[in-house]
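*Asks:* Structure below; questions to follow.
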Amino acid sequence: MSNTKINLEESESFRFDIDDTVEEEKDGEENNKGTLLDRYNQSLDSNPVLTKAITAAFVQGIGSILGQLLSSSPKSSSHKMNVRNVPKHEKRIDWMDVIAFALHGGIMNGPVGHYWFEYLSKHGPKSKSYSMLLDQLVVQPPLLVLMFIFLDCTKQVLREIKPSYARTMSVIGPTIVTSWRFWPLAVYCTFRYLKKKHYTVALNLCSIAWTIHLSSRNRQTQNGKN
């Protein structure tokens, strides 16, 4: 009898242990489901500007990719025929556009939006309708102007990186050799005869001659190409 009672108690204890384990696993799964959102909300509380900047960069970059894919998707048979005749380089995604939008989101849209909405919530009108009108009529138009300027300038700069690197590599060797004919003497005389507080001023004056040399050399190179 005592053995049977002990076995029943052990079985009941084992069953409760299993139930507790199952409940803990369910709780763990529910916590894991909310982990990503919870972490994002914690990041918004601890690093709001950085979090919103990264989010805006990611969202605008994805938006640029989707927009290009949708705009190039065929909608009719005639469009399909036209797409086949388009060069391959025009069918691919313009990654300069994607990077430009992502940079705009991370540098401008995210941070500016954070500070603007913080200011609007603290010092703006209490009415949500008036706050919306203030945002759309006063702030959004100049932000759109800045956005297009930023995107255009960024894409131009990105497209110039490769040719600029090529031009730099073609002239950097001779330029370094030429600089060694001028700057060592200028720096030595500055260190030898002037006080430390005059170093920068003296070398800036010397840089006038160096800038004249570089400018005239660039002009000669451009005239030679033309």
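Quick note on naming: the chains in the structure tokens go A, B, ... in the order shown, residues restart at 1 in each chain, and ligands are numbered from 1 in order of appearance.
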Among stretch 24-206 of chain A, which ones does DSSP place in alpha helix (DSSP H), written as a VMD selection string?
*Replies:* chain A and resid 24 to 33 35 to 46 48 to 72 77 to 84 88 to 91 95 to 104 110 to 123 128 to 134 140 to 193 199 to 206
*Asks:* Just want the 9 Å neighbourhood of A:Leu50, counted on only C-alpha atoms, with same-chain residues fewer than 4 positions away dropped. Output as number ranges by chain.
*Replies:* A: 43-44, 54-55, 106, 110-111
*Asks:* Restricted to N, CA, C and O atoms, what would the selected residues look like written as a PDB file, in the first residue's frame?
*Replies:*
```
ATOM      1  N   SER A  43      15.323  50.284 -28.051  1.00  0.00           N
ATOM      2  CA  SER A  43      16.289  51.098 -28.792  1.00  0.00           C
ATOM      3  C   SER A  43      15.743  52.494 -29.072  1.00  0.00           C
ATOM      4  O   SER A  43      16.492  53.480 -29.039  1.00  0.00           O
ATOM      5  N   LEU A  44      14.447  52.598 -29.334  1.00  0.00           N
ATOM      6  CA  LEU A  44      13.832  53.916 -29.521  1.00  0.00           C
ATOM      7  C   LEU A  44      13.919  54.755 -28.254  1.00  0.00           C
ATOM      8  O   LEU A  44      14.058  55.980 -28.316  1.00  0.00           O
ATOM      9  N   ILE A  54      18.628  54.895 -38.721  1.00  0.00           N
ATOM     10  CA  ILE A  54      18.861  53.599 -39.359  1.00  0.00           C
ATOM     11  C   ILE A  54      17.570  53.083 -39.989  1.00  0.00           C
ATOM     12  O   ILE A  54      17.570  52.541 -41.108  1.00  0.00           O
ATOM     13  N   THR A  55      16.461  53.239 -39.287  1.00  0.00           N
ATOM     14  CA  THR A  55      15.175  52.794 -39.823  1.00  0.00           C
ATOM     15  C   THR A  55      14.832  53.544 -41.105  1.00  0.00           C
ATOM     16  O   THR A  55      14.417  52.932 -42.109  1.00  0.00           O
ATOM     17  N   GLY A 106      18.953  58.343 -43.610  1.00  0.00           N
ATOM     18  CA  GLY A 106      19.770  58.268 -42.414  1.00  0.00           C
ATOM     19  C   GLY A 106      20.313  59.604 -41.937  1.00  0.00           C
ATOM     20  O   GLY A 106      20.431  59.837 -40.735  1.00  0.00           O
ATOM     21  N   GLY A 110      15.425  60.849 -40.976  1.00  0.00           N
ATOM     22  CA  GLY A 110      15.275  60.305 -39.631  1.00  0.00           C
ATOM     23  C   GLY A 110      15.560  61.312 -38.531  1.00  0.00           C
ATOM     24  O   GLY A 110      14.704  61.573 -37.666  1.00  0.00           O
ATOM     25  N   PRO A 111      16.768  61.913 -38.514  1.00  0.00           N
ATOM     26  CA  PRO A 111      17.078  62.882 -37.453  1.00  0.00           C
ATOM     27  C   PRO A 111      16.191  64.120 -37.472  1.00  0.00           C
ATOM     28  O   PRO A 111      15.730  64.576 -36.414  1.00  0.00           O
TER      29      PRO A 111
END
```
*Asks:* Within 8 Å of stretch 196-205 of chain A, counting only C-alpha atoms, which residues qualify if same-chain residues fewer than 3 places away don't, as JSON, numbers by chain?
*Replies:* {"A": [186, 187, 190, 191, 208, 209]}
*Asks:* Produce a file of the selected residues containing N, CA and C atoms, as a PDB file, in the first residue's frame.
*Replies:*
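Output (part16.pdb):
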```pdb
ATOM      1  N   ALA A 186      60.331  74.313 -47.073  1.00  0.00           N
ATOM      2  CA  ALA A 186      59.401  75.245 -46.431  1.00  0.00           C
ATOM      3  C   ALA A 186      59.143  74.846 -44.981  1.00  0.00           C
ATOM      4  N   VAL A 187      58.933  73.561 -44.735  1.00  0.00           N
ATOM      5  CA  VAL A 187      58.673  73.101 -43.367  1.00  0.00           C
ATOM      6  C   VAL A 187      59.926  73.255 -42.499  1.00  0.00           C
ATOM      7  N   THR A 190      60.431  76.866 -41.560  1.00  0.00           N
ATOM      8  CA  THR A 190      59.401  77.249 -40.589  1.00  0.00           C
ATOM      9  C   THR A 190      59.774  76.763 -39.196  1.00  0.00           C
ATOM     10  N   PHE A 191      60.180  75.495 -39.072  1.00  0.00           N
ATOM     11  CA  PHE A 191      60.562  74.945 -37.779  1.00  0.00           C
ATOM     12  C   PHE A 191      61.834  75.603 -37.243  1.00  0.00           C
ATOM     13  N   ILE A 208      50.168  79.158 -50.717  1.00  0.00           N
ATOM     14  CA  ILE A 208      49.727  79.983 -51.848  1.00  0.00           C
ATOM     15  C   ILE A 208      50.496  79.595 -53.097  1.00  0.00           C
ATOM     16  N   ALA A 209      51.840  79.494 -52.966  1.00  0.00           N
ATOM     17  CA  ALA A 209      52.666  79.106 -54.110  1.00  0.00           C
ATOM     18  C   ALA A 209      52.329  77.694 -54.571  1.00  0.00           C
TER      19      ALA A 209
END
```
*Asks:* I'd like the contact shell of stretch 129-136 of chain A - 10 Å cut-off, only C-alpha atoms, skipping same-chain residues fewer than 6 positions apart - returned as an MDAnalysis selection string.
*Replies:* chainID A and resid 116:117 120:121
*Asks:* I need the chosen residues saved as a tab-separated table (two decimals), in the first residue's frame, with N, CA and C atoms.
*Replies:*
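Contents of out.tsv, freshly written:
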```
chain	number	residue	atom	x	y	z
A	116	TRP	N	11.91	67.45	-35.17
A	116	TRP	CA	10.73	68.25	-35.51
A	116	TRP	C	9.50	67.77	-34.76
A	117	PHE	N	9.27	66.48	-34.72
A	117	PHE	CA	8.09	65.98	-34.04
A	117	PHE	C	8.20	66.12	-32.52
A	120	LEU	N	7.27	69.72	-32.13
A	120	LEU	CA	5.85	69.92	-32.39
A	120	LEU	C	5.00	69.41	-31.23
A	121	SER	N	5.40	68.29	-30.63
A	121	SER	CA	4.61	67.74	-29.53
A	121	SER	C	4.71	68.58	-28.27
```
*Asks:* Counting only C-alpha atoms, what is within 10 Å of stretch 61-70 of chain A, bar same-chain residues fewer than 5 positions away, as JSON, numbers by chain?
*Replies:* {"A": [55, 56, 75, 91, 92, 93, 94, 95, 97, 98, 99, 100, 101, 102, 103, 104, 105, 106]}
*Asks:* Rounded to one decimal place, report the atom CA of A:Tyr115-atom CA of A:Ala53 distance in Å.
*Replies:*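 Interatomic distance, atom CA of A:Tyr115 to atom CA of A:Ala53: 11.6 Å.
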